[in-house]
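Okay, data-v2.txt now, which holds compact mmCIF, C-alpha atoms:
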```txt
# COMPACT_ATOMS: atom_id res chain seq x y z
CA GLN L 1446 132.55 53.46 85.94
CA GLN L 1447 132.80 49.78 86.85
CA LYS L 1448 129.78 47.60 87.49
CA GLU L 1449 129.74 43.90 88.26
CA GLU L 1450 128.96 42.94 84.69
CA GLY L 1451 131.23 45.48 82.98
CA TYR L 1452 132.01 49.16 82.56
CA TYR L 1453 130.07 52.26 81.61
CA PHE L 1454 132.14 54.85 79.78
CA LEU L 1455 131.87 58.48 78.70
CA VAL L 1456 134.20 60.12 76.18
CA ASN L 1457 134.18 63.81 75.22
CA LEU L 1458 135.30 64.63 71.69
CA PHE L 1459 136.54 68.01 70.46
CA PRO L 1460 137.33 67.45 66.77
CA ASN L 1461 137.90 70.19 64.23
CA LYS L 1462 134.28 70.97 63.41
CA ASP L 1463 134.57 72.89 60.16
CA SER L 1464 131.59 72.72 57.85
CA LYS L 1465 131.94 72.69 54.10
CA SER L 1466 129.67 73.78 51.29
CA LYS L 1467 127.42 71.11 49.86
CA ARG L 1468 126.32 70.72 46.27
CA LEU L 1469 122.95 72.41 46.05
CA PRO L 1470 120.20 70.05 44.87
CA ASP L 1471 118.41 70.15 41.53
CA GLU L 1472 115.09 69.19 43.10
CA ILE L 1473 113.63 69.35 46.58
CA THR L 1474 110.28 68.84 48.26
CA VAL L 1475 108.78 71.34 50.68
CA ILE L 1476 106.52 69.52 53.16
CA TRP L 1477 104.27 72.03 54.91
CA ASP L 1478 102.27 71.28 58.06
CA VAL L 1479 98.82 72.88 57.66
CA SER L 1480 97.31 71.50 60.88
CA LEU L 1481 95.65 73.81 63.40
CA SER L 1482 98.81 74.14 65.51
CA GLY L 1483 100.38 75.94 62.57
CA LEU L 1484 98.64 79.07 63.87
CA HIS L 1485 101.34 79.18 66.56
CA ARG L 1486 104.16 79.22 64.01
CA ASN L 1487 105.82 82.34 62.65
CA ILE L 1488 104.92 81.69 59.02
CA PRO L 1489 106.53 84.90 57.64
CA LEU L 1490 109.81 83.88 59.25
CA GLU L 1491 109.62 80.39 57.77
CA LEU L 1492 108.89 81.88 54.34
CA GLU L 1493 111.84 84.23 54.76
CA LEU L 1494 114.13 81.24 55.29
CA LEU L 1495 112.67 79.31 52.35
CA GLY L 1496 113.05 82.32 50.07
CA ALA L 1497 116.63 82.95 51.18
CA TYR L 1498 117.52 79.33 50.45
CA LEU L 1499 115.88 79.25 47.02
CA LYS L 1500 117.71 82.44 46.07
CA LYS L 1501 120.98 80.55 46.57
CA THR L 1502 120.01 78.24 43.70
CA LYS L 1503 120.19 79.03 39.98
CA LYS L 1504 117.40 76.68 38.97
CA ILE L 1505 115.57 74.10 40.98
CA LEU L 1506 112.43 71.95 40.81
CA VAL L 1507 110.32 72.23 43.97
CA SER L 1508 107.47 69.86 44.85
CA LEU L 1509 104.97 71.12 47.43
CA VAL L 1510 103.30 68.73 49.86
CA ALA L 1511 100.75 69.86 52.46
CA PHE L 1512 99.69 67.66 55.36
CA ASN L 1513 97.56 67.57 58.47
CA ASN L 1514 95.48 64.42 59.05
CA LYS L 1515 96.32 63.48 55.48
CA ALA L 1516 99.08 64.44 53.07
CA ARG L 1517 98.72 65.52 49.47
CA LYS L 1518 101.14 66.63 46.81
CA LEU L 1519 99.82 69.90 45.40
CA ARG L 1520 102.05 70.75 42.47
CA GLU L 1521 105.60 71.37 41.19
CA TYR L 1522 107.39 74.66 40.57
CA PHE L 1523 110.38 75.26 38.34
CA ILE L 1524 112.26 78.12 39.97
CA GLN L 1525 115.00 80.07 38.20
CA ASN L 1526 117.23 82.76 39.67
CA GLY L 1527 115.39 82.68 42.99
CA ASN L 1528 112.04 83.76 41.55
CA TRP L 1529 109.70 81.80 43.82
CA ASN L 1530 106.73 84.20 43.94
CA GLU L 1531 104.22 81.63 42.73
CA LEU L 1532 105.24 79.08 45.35
CA LYS L 1533 105.22 81.74 48.07
CA LYS L 1534 101.71 82.89 47.18
CA ASP L 1535 100.39 79.34 47.25
CA ILE L 1536 101.85 78.75 50.73
CA GLU L 1537 100.46 82.06 51.97
CA ARG L 1538 96.98 80.88 50.92
CA PHE L 1539 97.07 77.85 53.21
CA THR L 1540 94.33 77.48 55.83
CA TYR L 1541 95.48 75.87 59.08
CA ASP L 1542 93.01 73.33 60.39
CA GLY L 1543 92.76 69.73 61.61
CA GLY L 1544 95.12 67.45 63.48
CA THR L 1545 98.62 66.26 62.62
CA SER L 1546 99.49 62.74 61.50
CA PHE L 1547 103.14 62.17 60.64
CA GLU L 1548 102.69 58.58 59.55
CA ASN L 1549 100.79 59.79 56.46
CA ILE L 1550 103.56 62.06 55.14
CA ILE L 1551 104.48 61.35 51.52
CA TYR L 1552 107.84 61.84 49.82
CA PRO L 1553 107.88 62.60 46.10
CA ALA L 1554 111.24 61.75 44.51
CA SER L 1555 113.67 64.48 45.61
CA GLU L 1556 117.25 65.02 46.67
CA GLU L 1557 116.21 66.48 50.00
CA TYR L 1558 113.11 67.44 51.99
CA LEU L 1559 112.34 70.61 53.93
CA LEU L 1560 109.79 69.79 56.63
CA PHE L 1561 108.10 72.85 58.13
CA THR L 1562 106.28 71.74 61.28
CA ASP L 1563 106.19 72.01 65.07
CA GLY L 1564 106.65 68.23 65.29
CA ILE L 1565 103.60 67.71 67.50
CA SER L 1566 101.35 64.77 66.66
CA SER L 1567 97.63 64.98 67.46
CA PHE L 1568 97.17 61.24 67.72
CA ASN L 1569 99.85 60.12 70.20
CA ASN L 1570 101.44 58.58 67.16
CA THR L 1571 105.07 59.36 66.46
CA ASN L 1572 105.53 56.78 63.71
CA PHE L 1573 107.50 58.69 61.13
CA PRO L 1574 108.24 57.18 57.72
CA PHE L 1575 111.90 57.91 57.03
CA PRO L 1576 112.96 58.54 53.42
CA ASP L 1577 116.42 57.63 52.14
CA LYS L 1578 117.29 61.30 51.59
CA PRO L 1579 117.97 64.07 54.12
CA VAL L 1580 115.06 65.69 55.92
CA TYR L 1581 115.65 69.21 57.24
CA THR L 1582 113.19 69.85 60.07
CA ILE L 1583 112.29 73.51 60.50
CA THR L 1584 110.20 75.12 63.22
CA SER L 1585 109.41 78.65 64.34
CA SER L 1586 107.02 77.70 67.15
CA PRO L 1587 108.08 77.81 70.81
CA ARG L 1588 105.52 75.02 71.36
CA SER L 1589 107.42 72.46 69.29
CA ASP L 1590 108.46 68.88 69.99
CA PHE L 1591 112.13 69.72 69.65
CA SER L 1592 113.41 66.25 70.49
CA GLN L 1593 111.22 64.69 67.77
CA LEU L 1594 112.42 67.20 65.18
CA GLN L 1595 116.05 66.62 66.15
CA TYR L 1596 115.55 62.86 65.92
CA ILE L 1597 114.00 63.04 62.43
CA SER L 1598 116.80 65.20 61.06
CA GLN L 1599 119.54 63.13 62.71
CA LYS L 1600 118.07 59.85 61.48
CA THR L 1601 118.07 61.07 57.85
CA SER L 1602 121.38 63.02 57.87
CA GLY L 1603 119.51 66.31 57.63
CA ARG L 1604 119.65 69.26 60.04
CA PHE L 1605 117.30 70.59 62.70
CA ILE L 1606 116.65 74.31 62.28
CA ASN L 1607 115.08 76.19 65.18
CA LEU L 1608 114.07 79.65 64.01
CA ASN L 1609 113.33 80.63 67.60
CA THR L 1610 117.07 80.79 68.23
CA LEU L 1611 118.64 81.35 64.80
CA LYS L 1612 118.72 84.37 62.53
CA THR L 1613 117.75 83.71 58.92
CA GLU L 1614 121.34 83.98 57.66
CA GLU L 1615 122.46 81.46 60.30
CA ALA L 1616 119.64 79.10 59.37
CA VAL L 1617 120.46 79.31 55.65
CA LYS L 1618 124.00 78.17 56.44
CA LEU L 1619 122.60 74.96 57.89
CA LEU L 1620 120.86 74.33 54.56
CA ILE L 1621 123.82 75.05 52.28
CA GLU L 1622 126.65 73.55 54.33
CA GLN L 1623 127.53 70.01 55.41
CA PRO L 1624 128.51 69.58 59.05
CA LEU L 1625 131.26 67.28 60.22
CA GLN L 1626 129.51 64.22 61.62
CA ILE L 1627 130.11 60.81 63.10
CA ILE L 1628 129.21 58.51 60.22
CA ASN L 1629 130.20 55.21 61.80
CA ILE L 1630 131.36 53.69 65.08
CA ARG L 1631 133.37 50.48 64.93
CA LYS L 1632 133.40 48.53 68.18
CA SER L 1633 134.39 45.12 69.50
CA ASN L 1634 131.91 42.42 70.47
CA ALA L 1635 132.56 43.26 74.12
CA THR L 1636 131.06 46.72 73.66
CA GLU L 1637 127.30 46.29 73.71
CA GLU L 1638 125.95 49.82 73.70
CA VAL L 1639 127.17 53.09 72.21
CA TYR L 1640 125.36 56.41 72.07
CA PRO L 1641 124.78 58.50 69.96
CA SER L 1642 123.38 56.53 67.08
CA VAL L 1643 124.87 57.44 63.72
CA PRO L 1644 124.99 59.53 61.67
CA PHE L 1645 125.36 62.27 64.27
CA PRO L 1646 126.34 65.87 63.41
CA ILE L 1647 128.96 67.57 65.57
CA ILE L 1648 127.90 71.14 66.27
CA ASN L 1649 130.38 72.18 69.00
CA ASN L 1650 131.60 69.04 70.69
CA CYS L 1651 130.26 65.56 71.15
CA SER L 1652 130.01 63.04 73.98
CA LEU L 1653 130.17 59.30 73.38
CA ALA L 1654 128.67 57.02 76.01
CA GLY L 1655 128.20 53.30 76.27
CA PHE L 1656 128.76 50.00 78.04
CA THR L 1657 131.50 47.40 77.58
CA ARG L 1658 132.45 44.15 79.26
CA ASP L 1659 136.15 44.69 78.52
CA ALA L 1660 138.05 47.51 80.23
CA PHE L 1661 140.61 47.46 77.39
CA ALA L 1662 138.13 47.44 74.50
CA ASP L 1663 138.74 50.06 71.84
CA ILE L 1664 136.32 52.03 69.68
CA THR L 1665 137.02 53.67 66.33
CA ILE L 1666 135.00 56.75 65.46
CA VAL L 1667 134.69 57.51 61.75
CA LEU L 1668 134.23 61.20 60.94
CA GLY L 1669 133.20 62.71 57.65
CA TYR L 1670 130.84 64.80 55.56
CA GLY L 1671 127.73 63.06 54.28
CA SER L 1672 128.95 59.53 53.54
CA SER L 1673 132.51 60.65 52.67
CA VAL L 1674 135.08 59.67 55.30
CA GLN L 1675 137.33 62.49 56.48
CA SER L 1676 139.22 60.86 59.35
CA GLU L 1677 139.16 58.12 61.96
CA LYS L 1678 139.83 58.40 65.68
CA ARG L 1679 140.67 55.34 67.79
CA ILE L 1680 139.75 55.46 71.48
CA VAL L 1681 141.13 52.93 73.95
```
Let me see the structure of the file written as structure tokens.
Amino acid sequence: QQKEEGYYFLVNLFPNKDSKSKRLPDEITVIWDVSLSGLHRNIPLELELLGAYLKKTKKILVSLVAFNNKARKLREYFIQNGNWNELKKDIERFTYDGGTSFENIIYPASEEYLLFTDGISSFNNTNFPFPDKPVYTITSSPRSDFSQLQYISQKTSGRFINLNTLKTEEAVKLLIEQPLQIINIRKSNATEEVYPSVPFPIINNCSLAGFTRDAFADITIVLGYGSSVQSEKRIV
């Protein structure tokens, strides 16, 4: 669509969207929201997912962080052959109270983070400290801030898991597989804006939108898994 100062464009992509298995981590952190709004979450369903994931691992070190107004690391668990009973019991003992402050979340050293929360901040504060490892955002509450949870997972190359719409076996797949994603977009100086920001996972298809001053400008979309390039697609 032409405007006086340039052109807006929209491109629909339908790449082969196969996922592939990822290397399961040796250590993870479970970050559990224990604020009052947690009473609206389906905690047994979230525990079912966590247990199903841990049973896919042979041995793994799990750090447990609880947060509401403040965050605190509680302890570590060395889990072998999916035996996570001690961790499960500790989570089941949580009392849900207080507000939610995301800016106080802490990240012990881990290969990935599983964030169980509805994504709703009590303080009109959405400042979220992003780690340099994937954050998988997981909710079971219909009263969630879905856009915030999607943004957090996308920004960190994790996945957003909505247990309101997914069965446990479908959700586990999102934890053990890598999706094809846009990992980079190369553009000319004439192209000023491109959406989505990267990395961006491709679930079914993907639309690319933006603005350019040059009707003949080209864009190269780099596709891959994690940071590994799989292919490139040039769009003119």
- Item | Among the residues L:Leu1494, L:Ile1628, L:Ile1597, L:Ala1554, the one that comes closest to Gly1671 of chain L [using all atoms listed in the file] | L:Ile1628
Quick one: 5 Å padding each side, axis-aligned, all listed atoms of segment 1501-1517 of chain L - centre and edge lengths in Å to one decimal, as AutoDock Vina command-line options?
```
--center_x 108.2 --center_y 72.0 --center_z 49.0 --size_x 35.5 --size_y 27.1 --size_z 30.1
```
- Residue among L:Leu1560, L:Ile1630, L:Leu1594, L:Ile1473 lying closest to Glu1521 of chain L, counting all atoms listed in the file: L:Ile1473
- Find, counting all atoms listed in the file, the residue in L:Val1456, L:Phe1661, L:Leu1608, L:Asp1590 that gets nearest to Pro1641 of chain L.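 Selected residue with least distance to Pro1641 of chain L: L:Val1456.
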- Fewer than 3 positions away in the same chain doesn't count, so skip those; otherwise give me all residues within 10 Å of segment 1506-1516 of chain L, counting only C-alpha atoms, as a ChimeraX atom specification. /L:1470-1483,1499,1519-1525,1529,1532,1535-1536,1539,1541-1555,1558-1562,1566-1568
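Using all atoms listed in the file, the shortest contact distance between Ser1589 of chain L and any of L:Asp1577, L:Glu1450, L:Glu1638, L:Asp1563 is found at L:Asp1563.
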- Query: With only C-alpha atoms as the basis for distance, which of L:Gln1623, L:Asn1457, L:Asn1528, L:Thr1613 is at the shortest distance from Ser1673 of chain L?
  - Reply: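 Ranking L:Gln1623, L:Asn1457, L:Asn1528, L:Thr1613 by distance to Ser1673 of chain L, first place goes to L:Gln1623.
If you look at atom CA of Ala1654 of chain L and atom CA of Leu1668 of chain L, they are 16.6 Å away from each other.
Among the candidates L:Gln1593, L:Glu1491, L:Ser1672, L:Arg1631, the residue lying nearest to Pro1579 of chain L is L:Ser1672 (atoms considered: only C-alpha atoms).
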- Work out how far apart atom CA of Thr1665 of chain L and atom CA of Ile1680 of chain L are and give it in Å to one decimal. 6.1 Å
Filled-in N, CA, C and O atoms of segment 1572-1587 of chain L, supplied as a tab-separated table (two decimals), keeping the file's coordinate frame:
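Below is the file selection_30.tsv, written as the result:
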```tsv
chain	number	residue	atom	x	y	z
L	1572	ASN	N	104.97	57.58	64.80
L	1572	ASN	CA	105.53	56.78	63.71
L	1572	ASN	C	105.83	57.70	62.54
L	1572	ASN	O	104.94	58.31	61.97
L	1573	PHE	N	107.08	57.78	62.19
L	1573	PHE	CA	107.50	58.69	61.13
L	1573	PHE	C	108.16	57.88	60.02
L	1573	PHE	O	109.15	57.19	60.27
L	1574	PRO	N	107.63	57.92	58.82
L	1574	PRO	CA	108.24	57.18	57.72
L	1574	PRO	C	109.50	57.90	57.23
L	1574	PRO	O	109.44	59.02	56.74
L	1575	PHE	N	110.64	57.26	57.38
L	1575	PHE	CA	111.90	57.91	57.03
L	1575	PHE	C	112.25	57.66	55.57
L	1575	PHE	O	112.33	56.51	55.14
L	1576	PRO	N	112.50	58.72	54.80
L	1576	PRO	CA	112.96	58.54	53.42
L	1576	PRO	C	114.45	58.22	53.41
L	1576	PRO	O	115.12	58.28	54.45
L	1577	ASP	N	114.99	57.92	52.23
L	1577	ASP	CA	116.42	57.63	52.14
L	1577	ASP	C	117.21	58.87	51.72
L	1577	ASP	O	118.36	58.74	51.29
L	1578	LYS	N	116.62	60.03	51.87
L	1578	LYS	CA	117.29	61.30	51.59
L	1578	LYS	C	117.17	62.20	52.82
L	1578	LYS	O	116.30	62.00	53.66
L	1579	PRO	N	118.00	63.23	52.93
L	1579	PRO	CA	117.97	64.07	54.12
L	1579	PRO	C	116.65	64.82	54.29
L	1579	PRO	O	116.06	65.31	53.34
L	1580	VAL	N	116.21	64.87	55.55
L	1580	VAL	CA	115.06	65.69	55.92
L	1580	VAL	C	115.56	66.81	56.84
L	1580	VAL	O	116.15	66.54	57.89
L	1581	TYR	N	115.33	68.04	56.43
L	1581	TYR	CA	115.65	69.21	57.24
L	1581	TYR	C	114.38	69.62	57.97
L	1581	TYR	O	113.39	70.00	57.34
L	1582	THR	N	114.37	69.50	59.29
L	1582	THR	CA	113.19	69.85	60.07
L	1582	THR	C	113.31	71.30	60.52
L	1582	THR	O	114.32	71.71	61.08
L	1583	ILE	N	112.25	72.06	60.28
L	1583	ILE	CA	112.29	73.51	60.50
L	1583	ILE	C	111.08	73.92	61.30
L	1583	ILE	O	109.94	73.60	60.95
L	1584	THR	N	111.31	74.62	62.41
L	1584	THR	CA	110.20	75.12	63.22
L	1584	THR	C	110.45	76.56	63.64
L	1584	THR	O	111.60	76.99	63.79
L	1585	SER	N	109.35	77.28	63.82
L	1585	SER	CA	109.41	78.65	64.34
L	1585	SER	C	108.53	78.77	65.57
L	1585	SER	O	108.36	79.88	66.09
L	1586	SER	N	107.95	77.66	66.02
L	1586	SER	CA	107.02	77.70	67.15
L	1586	SER	C	107.72	77.36	68.45
L	1586	SER	O	108.43	76.35	68.53
L	1587	PRO	N	107.52	78.16	69.50
L	1587	PRO	CA	108.08	77.81	70.81
L	1587	PRO	C	107.40	76.60	71.43
L	1587	PRO	O	107.90	76.03	72.39
```
